[in-house]
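Heads up, my_file04.txt below (compact mmCIF, C-alpha atoms and all ligand atoms):
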# COMPACT_ATOMS: atom_id res chain seq x y z
CA MET A 1 -15.58 -81.45 -48.00
CA GLU A 2 -16.90 -82.98 -51.23
CA ASP A 3 -18.05 -86.61 -51.23
CA TYR A 4 -17.13 -89.20 -53.84
CA ASP A 5 -17.60 -92.95 -54.17
CA GLY A 6 -13.88 -93.44 -54.54
CA PRO A 7 -10.59 -92.06 -55.87
CA ASP A 8 -11.43 -93.19 -59.41
CA GLU A 9 -14.48 -90.96 -59.43
CA VAL A 10 -12.35 -88.06 -58.17
CA VAL A 11 -9.97 -88.55 -61.11
CA ARG A 12 -12.75 -89.01 -63.65
CA ARG A 13 -14.70 -85.96 -62.60
CA ARG A 14 -11.93 -83.60 -61.58
CA ARG A 15 -8.67 -84.53 -63.34
CA PRO A 16 -6.87 -82.85 -60.43
CA ASP A 17 -3.43 -81.35 -61.05
CA ILE A 18 -2.64 -81.08 -57.34
CA PRO A 19 -2.48 -83.95 -54.82
CA VAL A 20 -5.87 -84.95 -53.44
CA THR A 21 -6.23 -86.51 -50.02
CA CYS A 22 -9.05 -89.06 -50.02
CA PHE A 23 -10.40 -89.21 -46.48
CA ARG A 24 -12.24 -92.39 -45.48
CA PRO A 25 -14.54 -91.71 -42.54
CA ALA A 26 -15.63 -95.36 -42.38
CA ALA A 27 -12.05 -96.61 -42.01
CA LEU A 28 -11.40 -94.10 -39.24
CA GLU A 29 -14.49 -95.31 -37.44
CA SER A 30 -13.52 -99.01 -37.78
CA ALA A 31 -10.13 -98.35 -36.23
CA ALA A 32 -11.60 -96.32 -33.37
CA LYS A 33 -14.19 -99.01 -32.67
CA TRP A 34 -11.52 -101.71 -32.60
CA PHE A 35 -9.55 -99.93 -29.92
CA LEU A 36 -12.64 -98.95 -27.93
CA ASN A 37 -13.98 -102.51 -28.04
CA ASN A 38 -10.71 -104.30 -27.40
CA PHE A 39 -8.49 -102.27 -25.12
CA PRO A 40 -9.33 -102.79 -21.43
CA GLY A 41 -8.93 -99.16 -20.44
CA LYS A 42 -8.71 -95.63 -21.78
CA VAL A 43 -7.80 -95.06 -25.42
CA LEU A 44 -5.95 -91.76 -25.91
CA TYR A 45 -5.47 -90.63 -29.49
CA ALA A 46 -1.91 -89.35 -30.08
CA VAL A 47 -2.81 -86.17 -31.92
CA LYS A 48 0.51 -85.77 -33.74
CA ALA A 49 -0.24 -88.74 -36.02
CA ASN A 50 -2.85 -86.59 -37.78
CA PRO A 51 -4.21 -83.35 -36.32
CA ALA A 52 -6.56 -82.60 -39.24
CA LYS A 53 -9.88 -81.26 -38.01
CA TYR A 54 -11.88 -83.90 -39.87
CA VAL A 55 -9.80 -86.62 -38.22
CA LEU A 56 -10.19 -85.25 -34.70
CA SER A 57 -13.93 -84.75 -35.23
CA GLY A 58 -14.28 -88.19 -36.82
CA LEU A 59 -12.57 -89.92 -33.91
CA TYR A 60 -14.70 -87.96 -31.46
CA ALA A 61 -17.84 -88.98 -33.33
CA ALA A 62 -16.66 -92.60 -33.16
CA GLY A 63 -16.42 -92.36 -29.38
CA ILE A 64 -12.80 -91.39 -28.66
CA ARG A 65 -12.80 -89.09 -25.61
CA HIS A 66 -9.15 -89.03 -24.52
CA TYR A 67 -6.29 -87.29 -26.31
CA ASP A 68 -2.52 -87.33 -25.98
CA ALA A 69 -1.27 -83.87 -26.92
CA ALA A 70 2.30 -82.57 -27.04
CA SER A 71 1.89 -78.82 -27.41
CA ILE A 72 -0.47 -75.94 -26.63
CA PRO A 73 -1.72 -75.71 -30.24
CA GLU A 74 -2.61 -79.43 -30.15
CA ILE A 75 -4.41 -78.91 -26.84
CA GLN A 76 -6.33 -75.91 -28.24
CA LEU A 77 -7.32 -77.87 -31.32
CA VAL A 78 -8.74 -80.73 -29.26
CA HIS A 79 -10.59 -78.32 -26.99
CA GLU A 80 -12.11 -76.61 -29.98
CA LEU A 81 -13.28 -79.76 -31.76
CA CYS A 82 -13.92 -82.30 -29.02
CA PRO A 83 -16.23 -80.96 -26.29
CA GLY A 84 -15.51 -82.33 -22.86
CA ALA A 85 -12.48 -84.30 -24.01
CA HIS A 86 -9.84 -85.40 -21.54
CA ILE A 87 -6.43 -84.16 -22.66
CA ALA A 88 -3.12 -85.43 -21.31
CA PHE A 89 0.05 -83.44 -22.02
CA MET A 90 2.38 -86.37 -22.68
CA HIS A 91 5.51 -84.63 -23.93
CA PRO A 92 8.28 -85.37 -21.44
CA VAL A 93 10.02 -82.01 -22.09
CA LYS A 94 7.80 -78.92 -22.00
CA SER A 95 8.43 -75.21 -21.78
CA ARG A 96 7.39 -73.55 -18.53
CA PRO A 97 4.83 -71.28 -20.22
CA SER A 98 3.25 -74.26 -21.95
CA ILE A 99 2.85 -76.10 -18.63
CA GLU A 100 1.27 -73.00 -17.08
CA GLN A 101 -1.08 -72.44 -19.98
CA ALA A 102 -2.08 -76.09 -20.13
CA TYR A 103 -2.92 -76.13 -16.43
CA PHE A 104 -4.47 -72.71 -15.92
CA ASP A 105 -6.01 -71.92 -19.31
CA HIS A 106 -6.93 -75.37 -20.61
CA ALA A 107 -7.64 -77.33 -17.42
CA VAL A 108 -5.08 -80.00 -18.29
CA ARG A 109 -4.17 -82.03 -15.20
CA ASP A 110 -2.15 -84.91 -16.65
CA PHE A 111 1.51 -84.40 -17.51
CA SER A 112 4.35 -86.77 -18.37
CA PHE A 113 7.99 -86.30 -17.38
CA ASP A 114 11.16 -88.36 -17.51
CA SER A 115 13.48 -86.51 -15.13
CA VAL A 116 13.53 -84.86 -11.70
CA GLU A 117 14.14 -81.52 -13.43
CA GLU A 118 10.94 -81.78 -15.49
CA LEU A 119 9.01 -82.96 -12.43
CA ASP A 120 10.16 -79.83 -10.57
CA LYS A 121 9.10 -77.67 -13.52
CA ILE A 122 5.60 -79.17 -13.56
CA ILE A 123 5.19 -78.73 -9.81
CA ALA A 124 6.44 -75.14 -9.90
CA CYS A 125 4.42 -74.07 -12.93
CA THR A 126 1.13 -75.43 -11.62
CA GLY A 127 1.40 -73.63 -8.27
CA LYS A 128 2.10 -76.86 -6.35
CA SER A 129 -1.49 -77.88 -6.92
CA LYS A 130 -2.83 -81.05 -5.40
CA ASP A 131 -4.77 -82.35 -8.38
CA LEU A 132 -2.00 -83.38 -10.77
CA GLY A 133 -1.73 -86.62 -12.68
CA LEU A 134 1.96 -87.34 -13.22
CA TYR A 135 3.25 -89.99 -15.59
CA LEU A 136 6.86 -91.12 -15.56
CA ARG A 137 8.02 -91.96 -19.08
CA LEU A 138 10.15 -95.03 -18.81
CA ALA A 139 12.87 -95.98 -21.30
CA VAL A 140 12.02 -99.41 -22.71
CA PRO A 141 13.58 -101.45 -25.51
CA ASN A 142 12.43 -100.30 -28.97
CA THR A 143 14.04 -103.19 -30.80
CA SER A 144 10.86 -104.54 -32.46
CA SER A 145 9.92 -101.19 -33.90
CA GLU A 146 10.50 -99.81 -37.37
CA LEU A 147 10.88 -96.33 -35.90
CA PRO A 148 12.60 -96.45 -32.52
CA LEU A 149 11.73 -93.54 -30.24
CA SER A 150 13.88 -94.53 -27.28
CA GLY A 151 16.87 -92.27 -27.89
CA LYS A 152 15.23 -88.99 -27.00
CA PHE A 153 13.05 -89.67 -23.97
CA GLY A 154 12.75 -92.05 -21.10
CA CYS A 155 13.94 -92.53 -17.54
CA LEU A 156 16.23 -95.50 -17.00
CA PRO A 157 14.43 -98.27 -15.09
CA GLU A 158 17.03 -98.19 -12.27
CA LYS A 159 16.26 -94.53 -11.60
CA ALA A 160 12.49 -94.94 -11.78
CA PRO A 161 11.73 -96.08 -8.18
CA GLU A 162 13.30 -92.97 -6.61
CA ILE A 163 11.62 -90.54 -9.00
CA LEU A 164 8.25 -92.25 -8.58
CA LYS A 165 8.49 -91.88 -4.81
CA MET A 166 9.21 -88.17 -5.23
CA ALA A 167 6.39 -87.71 -7.72
CA ARG A 168 3.91 -89.55 -5.48
CA LYS A 169 4.07 -86.70 -2.96
CA ALA A 170 3.15 -84.17 -5.66
CA SER A 171 0.42 -86.07 -7.43
CA LYS A 172 -3.17 -87.08 -7.09
CA LYS A 173 -2.73 -89.75 -9.74
CA LEU A 174 0.63 -91.35 -10.47
CA GLY A 175 1.40 -93.41 -13.53
CA ILE A 176 4.10 -95.07 -15.53
CA CYS A 177 4.10 -94.67 -19.31
CA PHE A 178 6.36 -95.83 -22.12
CA HIS A 179 6.56 -96.08 -25.90
CA VAL A 180 7.80 -99.30 -27.49
CA GLY A 181 8.54 -97.46 -30.77
CA SER A 182 6.35 -96.66 -33.74
CA GLN A 183 5.20 -99.44 -36.09
CA THR A 184 6.09 -102.17 -33.61
CA MET A 185 6.06 -105.47 -35.46
CA ASP A 186 6.27 -107.84 -32.49
CA PRO A 187 3.50 -107.83 -29.87
CA GLN A 188 6.01 -109.21 -27.36
CA ALA A 189 7.57 -105.74 -27.17
CA TYR A 190 4.68 -104.73 -24.92
CA VAL A 191 5.23 -107.78 -22.72
CA THR A 192 8.93 -106.98 -22.36
CA ALA A 193 8.11 -103.40 -21.38
CA LEU A 194 5.37 -104.45 -18.95
CA ASN A 195 7.78 -106.92 -17.39
CA LEU A 196 10.17 -104.03 -16.73
CA VAL A 197 7.30 -102.08 -15.18
CA ALA A 198 6.44 -105.11 -13.02
CA GLY A 199 9.99 -105.15 -11.65
CA ILE A 200 9.76 -101.47 -10.74
CA LEU A 201 6.36 -101.92 -9.09
CA ARG A 202 7.70 -104.82 -6.99
CA SER A 203 10.62 -102.69 -5.83
CA ILE A 204 8.34 -99.96 -4.41
CA PRO A 205 5.41 -101.88 -2.88
CA ARG A 206 4.43 -98.98 -0.64
CA THR A 207 4.19 -96.40 -3.43
CA ARG A 208 0.73 -96.47 -4.96
CA ILE A 209 0.71 -96.42 -8.76
CA ASP A 210 -2.65 -95.63 -10.34
CA VAL A 211 -2.12 -95.77 -14.09
CA ILE A 212 -0.11 -97.94 -16.45
CA ASP A 213 0.05 -96.35 -19.91
CA ILE A 214 1.44 -98.58 -22.66
CA GLY A 215 1.76 -95.71 -25.17
CA GLY A 216 1.49 -96.07 -28.94
CA GLY A 217 3.40 -98.20 -31.39
CA PHE A 218 0.48 -100.24 -32.72
CA PRO A 219 1.21 -101.00 -36.36
CA SER A 220 -0.47 -100.42 -39.63
CA ILE A 221 0.02 -102.55 -42.73
CA TYR A 222 2.39 -101.68 -45.57
CA PRO A 223 3.56 -103.73 -48.57
CA ASP A 224 6.72 -104.97 -46.87
CA MET A 225 5.49 -104.70 -43.29
CA ALA A 226 2.56 -107.00 -42.61
CA PRO A 227 2.27 -107.16 -38.84
CA PRO A 228 0.59 -109.94 -36.85
CA ALA A 229 -3.16 -109.50 -36.35
CA LEU A 230 -4.17 -106.78 -33.91
CA ALA A 231 -5.84 -109.51 -31.86
CA ASP A 232 -2.33 -110.86 -31.16
CA TYR A 233 -1.35 -107.47 -29.74
CA LYS A 234 -4.41 -107.54 -27.53
CA THR A 235 -3.54 -111.02 -26.26
CA ALA A 236 0.10 -110.11 -25.63
CA ILE A 237 -0.79 -106.89 -23.83
CA GLU A 238 -3.30 -108.65 -21.61
CA SER A 239 -0.70 -111.27 -20.72
CA GLY A 240 1.70 -108.39 -19.95
CA PHE A 241 -0.87 -106.84 -17.61
CA ASP A 242 -1.10 -110.17 -15.79
CA LEU A 243 2.63 -109.94 -15.01
CA LEU A 244 2.02 -106.85 -12.88
CA PRO A 245 1.63 -107.30 -9.13
CA HIS A 246 -2.13 -106.91 -8.39
CA PRO A 247 -3.10 -106.23 -12.02
CA ASP A 248 -6.63 -105.25 -10.95
CA ARG A 249 -5.33 -102.20 -9.11
CA TYR A 250 -4.41 -100.14 -12.13
CA GLU A 251 -6.20 -98.09 -14.71
CA PHE A 252 -4.77 -98.92 -18.14
CA TRP A 253 -4.20 -96.40 -20.88
CA CYS A 254 -2.93 -96.69 -24.44
CA GLU A 255 -1.99 -93.91 -26.88
CA PRO A 256 -2.37 -95.17 -30.45
CA GLY A 257 -1.52 -92.75 -33.24
CA ARG A 258 -0.66 -94.56 -36.45
CA ALA A 259 -3.01 -97.52 -36.02
CA LEU A 260 -6.04 -95.28 -35.48
CA VAL A 261 -5.55 -93.11 -38.54
CA ALA A 262 -3.26 -94.73 -41.15
CA GLU A 263 -6.07 -96.32 -43.15
CA SER A 264 -8.22 -93.19 -43.04
CA ALA A 265 -6.53 -91.46 -45.97
CA SER A 266 -4.83 -92.07 -49.28
CA VAL A 267 -3.41 -89.44 -51.60
CA VAL A 268 -4.04 -89.33 -55.34
CA VAL A 269 -1.03 -87.92 -57.19
CA GLN A 270 -0.37 -87.32 -60.87
CA VAL A 271 2.59 -88.42 -62.98
CA GLU A 272 4.19 -85.34 -64.55
CA LEU A 273 7.00 -87.12 -66.33
CA ARG A 274 8.41 -90.60 -66.75
CA LYS A 275 12.11 -91.35 -67.27
CA ASP A 276 12.56 -95.11 -67.57
CA ASP A 277 11.72 -96.52 -64.12
CA VAL A 278 11.51 -93.13 -62.44
CA LEU A 279 8.21 -91.27 -62.10
CA TYR A 280 8.11 -87.56 -61.34
CA ILE A 281 4.92 -87.06 -59.33
CA ASN A 282 3.23 -83.98 -57.86
CA ASP A 283 3.69 -84.91 -54.20
CA GLY A 284 6.87 -85.78 -52.34
CA THR A 285 8.96 -85.71 -49.19
CA TYR A 286 8.14 -82.05 -48.53
CA GLY A 287 4.47 -82.98 -48.96
CA SER A 288 2.73 -86.06 -47.64
CA LEU A 289 5.53 -88.51 -48.46
CA PHE A 290 8.21 -87.60 -45.91
CA ASP A 291 8.34 -91.15 -44.57
CA ALA A 292 8.52 -92.65 -48.07
CA GLY A 293 11.69 -90.63 -48.64
CA HIS A 294 13.48 -90.28 -45.35
CA LEU A 295 12.45 -93.58 -43.78
CA GLY A 296 12.16 -95.60 -46.97
CA PHE A 297 8.52 -96.49 -46.23
CA ARG A 298 6.78 -98.36 -49.00
CA TYR A 299 3.12 -97.53 -49.31
CA PRO A 300 0.53 -99.51 -51.25
CA VAL A 301 -0.02 -97.94 -54.68
CA ARG A 302 -2.58 -98.32 -57.45
CA LEU A 303 -2.71 -96.84 -60.93
CA ILE A 304 -5.74 -94.78 -61.95
CA ARG A 305 -5.74 -94.13 -65.68
CA PRO A 306 -7.80 -91.07 -66.54
CA THR A 307 -8.52 -92.14 -70.11
CA PRO A 308 -10.89 -94.98 -71.10
CA GLY A 309 -9.43 -98.45 -71.58
CA GLY A 310 -7.30 -98.78 -68.48
CA THR A 311 -4.33 -101.14 -68.63
CA SER A 312 -3.64 -104.78 -67.98
CA ALA A 313 0.14 -104.48 -68.34
CA PRO A 314 2.23 -106.51 -65.89
CA HIS A 315 3.63 -104.64 -62.90
CA LYS A 316 7.21 -103.50 -62.48
CA ALA A 317 9.16 -101.54 -59.88
CA PHE A 318 9.25 -97.74 -59.99
CA LYS A 319 10.93 -95.01 -57.97
CA PHE A 320 9.38 -91.59 -57.40
CA TYR A 321 10.71 -88.06 -57.43
CA GLY A 322 8.59 -85.32 -55.83
CA PRO A 323 7.76 -81.92 -57.33
CA THR A 324 10.44 -79.76 -55.65
CA CYS A 325 13.88 -79.03 -57.13
CA ASP A 326 15.63 -80.77 -54.25
CA SER A 327 17.24 -84.07 -55.16
CA ILE A 328 16.49 -85.55 -51.72
CA ASP A 329 12.83 -85.22 -52.69
CA TYR A 330 13.16 -88.87 -53.69
CA MET A 331 11.22 -91.98 -52.73
CA PRO A 332 13.06 -95.21 -53.58
CA GLY A 333 10.11 -97.58 -53.08
CA PRO A 334 10.10 -99.85 -54.96
CA PHE A 335 6.51 -99.07 -55.93
CA PHE A 336 4.94 -101.70 -58.19
CA LEU A 337 2.79 -100.30 -61.00
CA PRO A 338 1.77 -101.37 -64.53
CA GLU A 339 4.82 -101.14 -66.75
CA ASP A 340 3.07 -98.83 -69.21
CA VAL A 341 2.45 -96.07 -66.65
CA ARG A 342 2.83 -92.71 -68.38
CA GLU A 343 2.58 -88.96 -68.02
CA GLY A 344 -0.91 -87.86 -67.02
CA ASP A 345 -1.72 -91.09 -65.16
CA TYR A 346 -2.78 -90.91 -61.53
CA ILE A 347 -1.47 -93.02 -58.67
CA GLU A 348 -3.35 -93.62 -55.46
CA ILE A 349 -0.95 -93.99 -52.53
CA GLY A 350 -2.54 -95.65 -49.50
CA GLN A 351 -2.09 -95.59 -45.71
CA LEU A 352 -1.20 -91.90 -45.59
CA GLY A 353 -3.65 -91.07 -42.83
CA ALA A 354 -0.79 -91.38 -40.35
CA TYR A 355 2.15 -89.02 -40.58
CA GLY A 356 1.27 -88.15 -44.19
CA ASN A 357 -0.68 -84.97 -44.79
CA THR A 358 0.52 -83.75 -41.43
CA MET A 359 4.09 -83.32 -42.61
CA ARG A 360 3.36 -81.02 -45.55
CA THR A 361 5.53 -77.94 -46.00
CA ASP A 362 5.37 -74.98 -48.35
CA PHE A 363 8.85 -75.67 -49.70
CA ASN A 364 9.34 -74.49 -53.27
CA GLY A 365 5.70 -73.42 -53.39
CA PHE A 366 4.24 -76.91 -53.63
CA SER A 367 1.83 -76.92 -50.73
CA ALA A 368 -1.43 -76.82 -52.69
CA HIS A 369 -3.57 -79.88 -52.14
CA GLU A 370 -7.19 -80.75 -51.61
CA VAL A 371 -9.15 -83.02 -49.32
CA VAL A 372 -12.24 -84.97 -50.32
CA SER A 373 -14.21 -87.68 -48.59
CA VAL A 374 -14.63 -91.14 -50.21
CA LYS A 375 -16.70 -94.22 -49.44
CA ALA A 376 -14.23 -96.73 -50.93
CA PRO A 377 -12.45 -99.05 -48.47
CA PRO A 378 -8.73 -98.50 -47.81
CA LEU A 379 -6.22 -100.13 -50.20
CA VAL A 380 -5.20 -102.51 -47.42
CA THR A 381 -6.66 -103.06 -43.97
CA LEU A 382 -6.00 -104.59 -40.59
CA TYR A 383 -9.60 -104.06 -39.55
CA ASP A 384 -11.91 -106.44 -41.33
CA ASP A 385 -15.60 -106.61 -40.54
CA THR A 386 -15.33 -109.92 -38.76
CA GLN A 387 -13.59 -108.14 -35.89
CA GLU A 388 -16.60 -105.96 -35.28
CA THR A 389 -18.83 -106.73 -32.38
CA THR A 390 -22.61 -106.41 -32.43
CA ASP A 391 -22.28 -103.33 -30.29
CA SER A 392 -20.21 -101.42 -32.78
CA LYS A 393 -22.53 -102.44 -35.62
CA GLU A 394 -25.46 -100.99 -33.74
CA LEU A 395 -23.52 -97.81 -33.10
CA CYS A 396 -22.69 -97.53 -36.78
CA VAL A 397 -26.35 -97.62 -37.68
CA ALA A 398 -27.15 -94.95 -35.10
C1 LIG B 401 4.07 -90.45 -31.24
C2 LIG B 401 3.54 -90.86 -29.91
C3 LIG B 401 2.47 -91.76 -29.82
C4 LIG B 401 1.85 -92.44 -31.03
O1 LIG B 401 2.73 -93.34 -31.58
P1 LIG B 401 2.28 -94.32 -32.77
O2 LIG B 401 3.50 -95.12 -33.03
O3 LIG B 401 1.88 -93.46 -33.90
O4 LIG B 401 1.15 -95.15 -32.25
C5 LIG B 401 1.99 -92.08 -28.57
N1 LIG B 401 2.52 -91.54 -27.45
C6 LIG B 401 3.55 -90.65 -27.50
C7 LIG B 401 4.05 -90.09 -26.23
C8 LIG B 401 4.09 -90.30 -28.73
O5 LIG B 401 5.11 -89.44 -28.77

Translate this structure into structure tokens?
Amino acid sequence: MEDYDGPDEVVRRRRPDIPVTCFRPAALESAAKWFLNNFPGKVLYAVKANPAKYVLSGLYAAGIRHYDAASIPEIQLVHELCPGAHIAFMHPVKSRPSIEQAYFDHAVRDFSFDSVEELDKIIACTGKSKDLGLYLRLAVPNTSSELPLSGKFGCLPEKAPEILKMARKASKKLGICFHVGSQTMDPQAYVTALNLVAGILRSIPRTRIDVIDIGGGFPSIYPDMAPPALADYKTAIESGFDLLPHPDRYEFWCEPGRALVAESASVVVQVELRKDDVLYINDGTYGSLFDAGHLGFRYPVRLIRPTPGGTSAPHKAFKFYGPTCDSIDYMPGPFFLPEDVREGDYIEIGQLGAYGNTMRTDFNGFSAHEVVSVKAPPLVTLYDDTQETTDSKELCVA
């Protein structure tokens, strides 16, 4: 991967006519350090947020040792890049062959489930082994999240006690996990979920529970979605842990995806045509901007003019079309850019480390893109230096 000071240097030296992902190793490291220094338990990286090799290796180098995978290819990838990593297979619905392969070929011992049927599958496909970690995925309210995930998975709280008792007999470690929804804007969502867990724990005092896994959902920052400080999430989660009966009895896990990787990449795109307030750019919803189109996400943007002189024009709102011939390849924004933006200009689109590059397709032949590494800080950040402890500074130097 080539190294540059920043996206402007990439544009100046290369004038790229395909999208360029600008990877920021330092931002990835800051996010990893925040979670490692602040979460009182194991930090599992949810691989789906960005499975790029440089991201997995970067997180590993920063000290992340636990991974939440959802498929055999994700498990293989982590094995390949992260020696000795602990991998948990946290997809509540798995094929039988994938359970077998995970257990027998990849030494995975931790599996999630949200039904008796899936529990039976896991037990059967692992030869009724006695060393399983089983994690019941609980349905919890997703009302504070921008991207609710509660419709598809989750055991209803009233059914949980019975299933937990059944799973206890088949497991070495037993846990409860949940997901409050992606990009959760209110830290209280974790407290609400942990309160539900507390009720379940009180109803089965004789069933030992070893692990409480609060899942992902930690936010990143976008132009119209500025979440509370991450420190507020930490405080809320710790107060949620205190609601549990005997809080010192459990091992705590979290599974951040977005928050660990969002700031670690931006994408530099080029304007191919302007029609009034619409810009036709060379990346779109079939590329790294799926969420900008289908979920209406607004990302931070910045103009990079390739010719000398720059611009000081006032900003106005623009919409984007992507490069394919499909009219749903459309990103409404609004994206605020200098009003004199024109064909040939470049736009840096930030916070695409999470669920950006990952979603690329080959549709219409527009899959070509490049990845470079840059030293420049992210366009926006939730991790400022003041949050760093002495420890992490020392580690950075090493
Ligand atoms: C997607 C996912 C995550 C990560 O979610 P973020 O909102 O990106 O933090 C964590 N755990 C599970 C089970 C997931 O499916």

Distance criterion (all atoms listed in the file): nearest to ligand LIG 401 (chain B) out of A:Ala265, A:Met185, A:Ala236, A:Ala354: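 Among the listed residues, A:Ala354 lies closest to ligand LIG 401 (chain B).
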
Near-Ala69 in chain A list (9 Å; all atoms listed in the file; drop same-chain fewer than 6 positions) as a list in words: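 My reading of the contact set: Tyr45, Ala46, Val47, Lys48, Ile75, Val78, Ile87, Ala88, Phe89, Met90 and His91 of chain A.
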
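Considering all atoms listed in the file, the residue among A:Cys125, A:Ala31, A:Met166, A:Leu260 positioned nearest to ligand LIG 401 (chain B) is A:Leu260.
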
Minimum-distance residue to Tyr383 in chain A, chosen among A:Ser129, A:Ser220, A:Ser144, A:Ser312 (using all atoms listed in the file):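 Counting all atoms listed in the file, the residue closest to Tyr383 in chain A is A:Ser220.
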
d(CA of Pro83 in chain A, CA of Ser171 in chain A) in Å: 25.7 Å

Near-ligand residues for ligand LIG 401 (chain B), threshold 10 Å, all atoms listed in the file, as a PyMOL selection string: chain A and resi 44-50+67-70+88-92+112+137+145-149+153+177-184+213-220+254-262+354-355

Using all atoms listed in the file: which of A:Leu164, A:Ala26, A:Val116, A:Ala368 has the shortest distance to Asp283 in chain A: A:Ala368

CA of Ser264 in chain A to CA of Met359 in chain A, straight-line distance in Å: 15.8 Å
